[in-house]
Each structure stands twice: as C-alpha cells, then as structure tokens.
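J.: First the structure, then my questions, so here it is.
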Amino acid sequence: MMEKISINLSGNENPSGCSPLVNQAITRSEHVYSRYPNRNVSGLSKTLANQLSVDHNQVLLTSGSSEALELIIRTFNIRDCEIILPQYAFVFQKTICHHASLKIKEVAANNGHQDLTGILESINKNTRFILLTNPSNPMGSFIPFCDLEKFMTKVPHSIIVIIDEAYYEYMLLREYQTAIMLVKKYQNLIVTRTFSKAYGLAGLRIGYCVGNQSLIQAINKIKNPFSINNLAIIAAEVALEDERFILKTRLLNHEGLNQLAVGFAKMKIKYLNKTANFMTIDLEKKANLFSEKLLEQSILVKTLDEYDLPNHIRVTVGLAHENKIFLQVMKEILITGVNDVTASPVL
C-alpha cells in the first residue's frame with residue numbers, strides 16, 4: 001500500500017487546490033465523460049488571447065506546457081541540430097530533448113542564474129533552439145525583462161527561442177515581465193505556460209503556447225486534436241474568470257515565501273531565491289538524510305540529486321500551518337543532527 005503523505009511540499013502545486021468555481025463547474029459537467037474531447041476550443045483561446053493582448057490565432061492549447069515543448073521540437077527539429085539549455089534546466093525538459101534525439105549544449109549557470117551572455121556565445125551553425133525558463137525551476141532565479149529584450153535582439157532569427165513561464169502568475173517583482181510582450185516583435189519567440197501551478201489544475205493537464213501565427217499554425221498541424229480533455233477545457237475557462245482566486249493565491253504564496261525565509265534565516269539555512277512558489281535551500285550536507293527524516297514525519301520535499309545538487313532541497317510553499325510544521329521539524333532535525341557532511345557545490 002502506498003504511503004500517505006500528510007504534507008506534500010515536493011510538487012510545486014497550489015496548496016489551496018483550484019478555484020471553488022472550478023469544482024462547481026466540473027460537478028455540473030457529468031455529461032462530458034462519454035464524449036470525445038471538443039476539438040473546438042476557440043472560446044478558451046480567444047479568452048486567453050484577450051487577456052494576453054494577442055490574436056487568438058497566436059494561442060495554441062496543449063496538454064500542459066510539456067506537450068507544448070514536445071510539439072515545438074517535433075515541428076521544427078531538423079537533422080543534426082542542437083538545443084541550448086542553461087545549467088539546472090528543469091530535468092523533464094532535458095528528457096524531452098533526449099527523446100527527440102536533439103544534441104544538448106548546456107551552458108553553465110552564473111551564480112545560479114541563466115547566463116544569457118554564455119548562451120549567445122554558444123550559438124553555432126547547428127543551433128536550432130534555445131530554451132529558457134523564467135523563473136527557473138529549481139533555482140528560482142529569473143531574467144529581468146530588460147535583459148531578455150536585449151538578448152532577443154542578438155539571437156539570429158533562424159533560431160527558435162522557447163521561454164517557459166510556468167510560474168508567471170506567482171511573480172510580483174517589478175523587474176519581471178512576461179516575454180509575451182515580445183512575441184509581436186520577434187517572430188522566432190514562443191512562450192509556454194500552464195494551468196498546473198497557480199490555477200491548481202495539475203491533474204487535468206492543460207497549458208498553452210503563444211507565438212507568431214505561422215509558427216503556431218505549423219505546430220497545430222501535428223498536434224493530436226484530442227490531447228486536451230473536456231474537463232480540462234471547462235476548468236480552464238472557469239479558472240480564468242475567477243480573478244479573486246488568483247489574487248488570493250498570490251497573496252498566500254507571498255506570505256508563505258516570507259514565512260519560510262524567516263524560518264530559514266533563524267536556522268541559518270541558506271536559500272537561493274525567494275520567487276515563484278518554492279524555495280531551494282542549501283543544507284551543506286547530504287539532503288537525502290534530511291528528506292528521509294522529514295518523511296518519517298509525513299513531510300515530502302524534493303531532493304535535487306538529478307541536478308547535481310546533492311546538498312539541496314526544493315520546498316514548495318504550503319499552507320501557513322504546513323509551513324510551520326515543516327520548519328519545526330527541520331529545526332528538530334538540525335538540533336538532533338545528521339551525519340555524512342559534504343561540501344556544497346558552487347553554483
């Protein structure tokens with residue numbers, strides 16, 4: 001029998017779930033279960049386009065932002081081409097690239113941040129794609145809009161730049177703005193987003209990408225017309241209408257980030273950044289020793305061995321009482337002590 005997790009701080013999901021209006025809409029939608037997904041999703045596309053100030057033909061709905069990335073690569077992949085990824089790119093993004101037989105060129109991070117200068121210097125005649133995540137997971141760093149705009153002026157038009165904005169709705173910093181503002185100016189730019197995070201629809205798998213109309217049309221030609229289920233469409237439409245829920249989500253997340261930051265500071269635990277809906281901490285010891293002790297108290301966090309960060313843990317912002325319990329248990333673990341101390345890698 002699978003162990004029940006009482007406090008799950010590992011998946012970067014919305015601890016508040018989804019909008020109550022979404023739950024109500026799904027309850028009223030039993031009749032959609034026996035029908036194939038509705039291929040006509042123009043209503044949702046138009047709603048998104050209006051919110052984003054783009055044409056609805058520039059928006060393509062996908063089964064989460066992961067499908068968007070897969071479709072972009074499948075559509076525009078050519079023989080022997082390369083994709084440039086920043087160090088600490090989300091691990092599943094690398095998996096998608098490997099499965100597409102893309103040669104990956106990884107550019108070292110600059111103090112944990114995506115190195116735009118290094119990425120530009122890595123471009124060669126085989127470069128077909130550049131993939132950025134803003135803000136990044138698991139580092140939590142972000143690219144200021146002014147830097148992103150300068151970067152786009154220097155990227156050759158033949159290279160498709162993909163920017164994943166999965167955590168866009170959580171960002172409150174003035175220096176951060178969406179890259180969708182640049183889509184009209186740069187025809188080689190595609191921005192991907194998801195309803196999985198702030199909107200709380202991770203289990204329904206729905207996202208979208210925004211780009212030049214010709215790029216979107218090309219991607220749509222190979223997309224499975226039934227990849228988005230009926231409930232996901234209904235949920236996303238209602239979720240977009242409930243602005244109060246997103247505002248409340250942002251506020252709770254902001255308070256949660258501050259709660260964790262204060263707790264980490266008291267325990268002298270280093271954290272990398274305070275953005276999105278998670279914080280990555282440097283324990284300066286093997287993180288699995290901490291995660292195992294946390295699991296004994298029914299608290300699940302994300303270790304980062306797959307990122308070559310064995311001393312780090314990524315902690316999703318939970319509800320206030322969940323954050324409090326997590327911090328209390330961490331304090332007890334630090335007092336009790338763990339063995340197998342190792343030096344933390346330099347970021």
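Simple scheme: letters A, B, ... for chains in structure tokens order, numbers from 1 for residues in each chain, numbers from 1 for ligands in the order shown.
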Give one line per residue of region 165-206 of chain A that approaches region 117-139 of chain A to at most 10 Å, naming the two atoms of the closest pair and their distance in Å to one decimal, counting only C-alpha atoms; sort by chain then ascending residue number and deliver it as a Markdown table.

T.:
| residue | atom | partner | partner_atom | distance |
| --- | --- | --- | --- | --- |
| A:Glu165 | CA | A:Asn134 | CA | 5.3 |
| A:Ala166 | CA | A:Asn134 | CA | 7.7 |
| A:Tyr167 | CA | A:Pro135 | CA | 6.5 |
| A:Tyr168 | CA | A:Pro135 | CA | 7.4 |
| A:Tyr170 | CA | A:Pro135 | CA | 9.6 |
| A:Met171 | CA | A:Pro135 | CA | 8.3 |
| A:Tyr176 | CA | A:Pro135 | CA | 8.9 |
| A:Gln177 | CA | A:Asn134 | CA | 9.6 |
| A:Thr178 | CA | A:Asn134 | CA | 8.6 |
| A:Ala179 | CA | A:Asn134 | CA | 8.9 |
| A:Asn188 | CA | A:Phe129 | CA | 9.6 |
| A:Leu189 | CA | A:Ile130 | CA | 9.7 |
| A:Ile190 | CA | A:Leu131 | CA | 9.8 |
| A:Val191 | CA | A:Leu132 | CA | 9.6 |
| A:Thr192 | CA | A:Thr133 | CA | 9.4 |

J.: Output all heavy atoms for every residue in that selection, as a tab-separated table (two decimals), in the first residue's frame.

T.:
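And here's selection.tsv as it stands now:
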chain	number	residue	atom	x	y	z
A	165	GLU	N	7.15	29.87	-18.98
A	165	GLU	CA	6.70	30.76	-17.91
A	165	GLU	C	5.68	30.06	-17.00
A	165	GLU	O	4.63	30.60	-16.66
A	165	GLU	CB	6.09	32.04	-18.50
A	165	GLU	CG	7.09	32.93	-19.20
A	165	GLU	CD	6.50	34.26	-19.65
A	165	GLU	OE1	5.26	34.41	-19.67
A	165	GLU	OE2	7.29	35.17	-19.98
A	166	ALA	N	6.02	28.85	-16.58
A	166	ALA	CA	5.09	28.06	-15.77
A	166	ALA	C	4.70	28.75	-14.47
A	166	ALA	O	3.59	28.54	-13.95
A	166	ALA	CB	5.71	26.69	-15.46
A	167	TYR	N	5.58	29.60	-13.94
A	167	TYR	CA	5.33	30.23	-12.65
A	167	TYR	C	5.00	31.72	-12.79
A	167	TYR	O	5.08	32.47	-11.81
A	167	TYR	CB	6.55	30.04	-11.73
A	167	TYR	CG	6.85	28.60	-11.47
A	167	TYR	CD1	7.76	27.90	-12.27
A	167	TYR	CD2	6.22	27.90	-10.45
A	167	TYR	CE1	8.02	26.56	-12.05
A	167	TYR	CE2	6.47	26.55	-10.23
A	167	TYR	CZ	7.38	25.89	-11.03
A	167	TYR	OH	7.63	24.55	-10.82
A	168	TYR	N	4.63	32.13	-13.98
A	168	TYR	CA	4.38	33.55	-14.24
A	168	TYR	C	3.39	34.16	-13.24
A	168	TYR	O	3.61	35.27	-12.73
A	168	TYR	CB	3.84	33.72	-15.67
A	168	TYR	CG	3.19	35.07	-15.90
A	168	TYR	CD1	3.97	36.21	-16.11
A	168	TYR	CD2	1.80	35.21	-15.86
A	168	TYR	CE1	3.37	37.45	-16.29
A	168	TYR	CE2	1.21	36.45	-16.04
A	168	TYR	CZ	2.00	37.56	-16.26
A	168	TYR	OH	1.40	38.78	-16.42
A	170	TYR	N	2.78	33.75	-10.27
A	170	TYR	CA	3.26	33.98	-8.91
A	170	TYR	C	4.20	35.19	-8.80
A	170	TYR	O	4.51	35.64	-7.70
A	170	TYR	CB	4.02	32.75	-8.40
A	170	TYR	CG	3.13	31.59	-8.03
A	170	TYR	CD1	3.10	30.44	-8.80
A	170	TYR	CD2	2.33	31.64	-6.89
A	170	TYR	CE1	2.29	29.37	-8.45
A	170	TYR	CE2	1.52	30.58	-6.54
A	170	TYR	CZ	1.50	29.44	-7.32
A	170	TYR	OH	0.70	28.39	-6.98
A	171	MET	N	4.66	35.69	-9.92
A	171	MET	CA	5.71	36.70	-9.89
A	171	MET	C	5.17	38.10	-9.58
A	171	MET	O	4.27	38.58	-10.27
A	171	MET	CB	6.47	36.71	-11.21
A	171	MET	CG	7.18	35.40	-11.50
A	171	MET	SD	8.42	34.98	-10.26
A	171	MET	CE	9.69	36.19	-10.65
A	176	TYR	N	10.33	41.88	-13.27
A	176	TYR	CA	9.88	40.72	-14.04
A	176	TYR	C	8.65	41.08	-14.88
A	176	TYR	O	7.67	41.62	-14.35
A	176	TYR	CB	9.54	39.56	-13.12
A	176	TYR	CG	9.04	38.33	-13.87
A	176	TYR	CD1	9.92	37.36	-14.31
A	176	TYR	CD2	7.68	38.16	-14.13
A	176	TYR	CE1	9.47	36.24	-15.00
A	176	TYR	CE2	7.22	37.04	-14.82
A	176	TYR	CZ	8.12	36.09	-15.25
A	176	TYR	OH	7.67	34.99	-15.93
A	177	GLN	N	8.70	40.78	-16.16
A	177	GLN	CA	7.55	40.92	-17.04
A	177	GLN	C	7.51	39.74	-18.00
A	177	GLN	O	8.53	39.11	-18.28
A	177	GLN	CB	7.62	42.23	-17.84
A	177	GLN	CG	7.56	43.49	-16.99
A	177	GLN	CD	7.62	44.74	-17.84
A	177	GLN	OE1	6.79	44.95	-18.72
A	177	GLN	NE2	8.62	45.57	-17.60
A	178	THR	N	6.34	39.46	-18.52
A	178	THR	CA	6.20	38.32	-19.42
A	178	THR	C	6.87	38.56	-20.77
A	178	THR	O	6.83	39.68	-21.31
A	178	THR	CB	4.73	37.98	-19.64
A	178	THR	OG1	4.64	36.95	-20.63
A	178	THR	CG2	3.94	39.19	-20.13
A	179	ALA	N	7.43	37.51	-21.32
A	179	ALA	CA	8.04	37.59	-22.65
A	179	ALA	C	6.99	37.65	-23.75
A	179	ALA	O	7.33	37.91	-24.92
A	179	ALA	CB	8.95	36.38	-22.86
A	188	ASN	N	10.50	34.60	-33.95
A	188	ASN	CA	11.13	33.31	-33.59
A	188	ASN	C	10.98	33.00	-32.11
A	188	ASN	O	11.66	32.12	-31.57
A	188	ASN	CB	12.61	33.33	-33.96
A	188	ASN	CG	13.37	34.46	-33.28
A	188	ASN	OD1	12.83	35.54	-33.04
A	188	ASN	ND2	14.64	34.23	-32.97
A	189	LEU	N	10.06	33.69	-31.43
A	189	LEU	CA	9.87	33.51	-29.99
A	189	LEU	C	8.55	32.80	-29.71
A	189	LEU	O	7.50	33.16	-30.25
A	189	LEU	CB	9.87	34.88	-29.28
A	189	LEU	CG	9.52	34.90	-27.79
A	189	LEU	CD1	10.54	34.10	-26.98
A	189	LEU	CD2	9.44	36.34	-27.28
A	190	ILE	N	8.60	31.77	-28.85
A	190	ILE	CA	7.40	31.06	-28.40
A	190	ILE	C	7.44	30.99	-26.88
A	190	ILE	O	8.45	30.59	-26.29
A	190	ILE	CB	7.31	29.64	-28.98
A	190	ILE	CG1	7.32	29.67	-30.51
A	190	ILE	CG2	6.05	28.94	-28.48
A	190	ILE	CD1	7.36	28.28	-31.15
A	191	VAL	N	6.34	31.37	-26.24
A	191	VAL	CA	6.23	31.34	-24.78
A	191	VAL	C	5.25	30.24	-24.39
A	191	VAL	O	4.15	30.14	-24.96
A	191	VAL	CB	5.75	32.70	-24.23
A	191	VAL	CG1	5.61	32.65	-22.71
A	191	VAL	CG2	6.72	33.81	-24.64
A	192	THR	N	5.64	29.41	-23.44
A	192	THR	CA	4.76	28.35	-22.96
A	192	THR	C	4.31	28.64	-21.53
A	192	THR	O	5.07	29.20	-20.74
A	192	THR	CB	5.44	26.96	-23.00
A	192	THR	OG1	6.55	26.95	-22.08
A	192	THR	CG2	5.95	26.66	-24.41

J.: For Arg205 (chain A), please output as JSON, numbers by chain all residues within 9 Å (counting only C-alpha atoms; exclusion window: fewer than 5 positions along the same chain).

T.: {"A": [62, 63, 64, 65, 194, 195, 196, 228, 229, 232]}

J.: Per residue of region 173-292 of chain A within 12 Å of region 20-38 of chain A, what are the shortest atom pair and its distance in Å to one decimal, counting only C-alpha atoms, with rows by chain and residue number, as CSV?

T.:
residue,atom,partner,partner_atom,distance
A:Tyr199,CA,A:Val22,CA,9.8
A:Gly200,CA,A:Val22,CA,9.8
A:Leu201,CA,A:Val22,CA,9.3
A:Leu204,CA,A:Ile26,CA,11.3
A:Asn224,CA,A:Pro37,CA,10.9
A:Pro225,CA,A:Pro37,CA,8.3
A:Phe226,CA,A:Pro37,CA,5.6
A:Ser227,CA,A:Pro37,CA,7.9
A:Ile228,CA,A:Pro37,CA,6.6
A:Asn229,CA,A:Pro37,CA,5.0
A:Asn230,CA,A:Pro37,CA,4.9
A:Leu231,CA,A:Ile26,CA,6.6
A:Ala232,CA,A:Ile26,CA,9.2
A:Ile233,CA,A:Asn38,CA,8.5
A:Ile234,CA,A:Ala25,CA,7.2
A:Ala235,CA,A:Val22,CA,5.3
A:Ala236,CA,A:Val22,CA,8.0
A:Glu237,CA,A:Val22,CA,8.7
A:Val238,CA,A:Val22,CA,5.8
A:Ala239,CA,A:Val22,CA,6.2
A:Leu240,CA,A:Val22,CA,9.8
A:Glu241,CA,A:Leu21,CA,9.0
A:Asp242,CA,A:Leu21,CA,7.4
A:Glu243,CA,A:Leu21,CA,11.0
A:Arg244,CA,A:Leu21,CA,10.9
A:Phe245,CA,A:Pro20,CA,8.5
A:Ile246,CA,A:Pro20,CA,11.7

J.: So that I have them on file, write out the residues from the current selection with C-alpha atoms, as a CSV table (one decimal), in the first residue's frame.

T.:
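File produced: selection.csv:
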chain,number,residue,atom,x,y,z
A,199,TYR,CA,-4.6,27.8,-11.2
A,200,GLY,CA,-4.3,24.4,-9.4
A,201,LEU,CA,-5.2,22.2,-12.4
A,204,LEU,CA,-6.2,17.9,-15.6
A,224,ASN,CA,-3.3,15.4,-31.5
A,225,PRO,CA,-6.8,17.0,-31.7
A,226,PHE,CA,-7.9,15.1,-28.7
A,227,SER,CA,-5.0,15.7,-26.4
A,228,ILE,CA,-7.0,18.1,-24.1
A,229,ASN,CA,-9.9,16.5,-22.3
A,230,ASN,CA,-13.3,18.1,-21.8
A,231,LEU,CA,-13.0,18.7,-18.1
A,232,ALA,CA,-9.7,20.5,-18.6
A,233,ILE,CA,-11.3,22.9,-21.1
A,234,ILE,CA,-14.2,23.6,-18.7
A,235,ALA,CA,-11.9,24.0,-15.7
A,236,ALA,CA,-9.5,26.4,-17.5
A,237,GLU,CA,-12.4,28.5,-18.8
A,238,VAL,CA,-13.8,28.9,-15.3
A,239,ALA,CA,-10.4,29.4,-13.7
A,240,LEU,CA,-9.6,32.3,-15.9
A,241,GLU,CA,-12.9,34.0,-14.8
A,242,ASP,CA,-12.1,33.7,-11.1
A,243,GLU,CA,-9.6,36.6,-10.7
A,244,ARG,CA,-10.2,36.7,-7.0
A,245,PHE,CA,-8.8,33.2,-6.6
A,246,ILE,CA,-5.6,34.1,-8.3

J.: Determine, counting only C-alpha atoms, which protein, DNA and RNA residues have an atom within 6 Å of an atom of region 211-221 of chain A; residues of the same chain fewer than 4 positions away are not included. Present the result as a PyMOL selection string.

T.: chain A and resi 57-58+75+183+187+190

J.: Just to be explicit: take each residue in the selection above, keep N, CA and C atoms, and write the result as a compact mmCIF listing (two decimals), in the first residue's frame.

T.:
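Below is the file again11.txt, written as the result:
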# COMPACT_ATOMS: atom_id res chain seq x y z
N ASN A 57 -5.27 33.45 -32.95
CA ASN A 57 -4.51 32.52 -33.79
C ASN A 57 -3.06 32.37 -33.35
N GLN A 58 -2.66 33.17 -32.38
CA GLN A 58 -1.31 33.07 -31.84
C GLN A 58 -1.26 32.20 -30.59
N THR A 75 7.98 19.80 -34.42
CA THR A 75 7.62 20.57 -35.62
C THR A 75 8.84 21.14 -36.31
N VAL A 183 6.47 38.85 -28.29
CA VAL A 183 6.08 37.93 -29.36
C VAL A 183 5.80 38.63 -30.68
N GLN A 187 9.52 37.10 -34.30
CA GLN A 187 8.73 36.00 -34.86
C GLN A 187 9.32 34.63 -34.55
N ILE A 190 8.60 31.77 -28.85
CA ILE A 190 7.40 31.06 -28.40
C ILE A 190 7.44 30.99 -26.88

J.: Pick the closest to Gly207 (chain A) from A:Leu60, A:Val107, A:Ile325, A:Val317: which is it, counting only C-alpha atoms?

T.: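 Nearest candidate to Gly207 (chain A) out of A:Leu60, A:Val107, A:Ile325, A:Val317: A:Leu60.
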
J.: Report, in Å to a single decimal, how far apart CA of Lys150 (chain A) and CA of Lys103 (chain A) are.

T.: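 If I compute the distance from CA of Lys103 (chain A) to CA of Lys150 (chain A), I get 26.0 Å.
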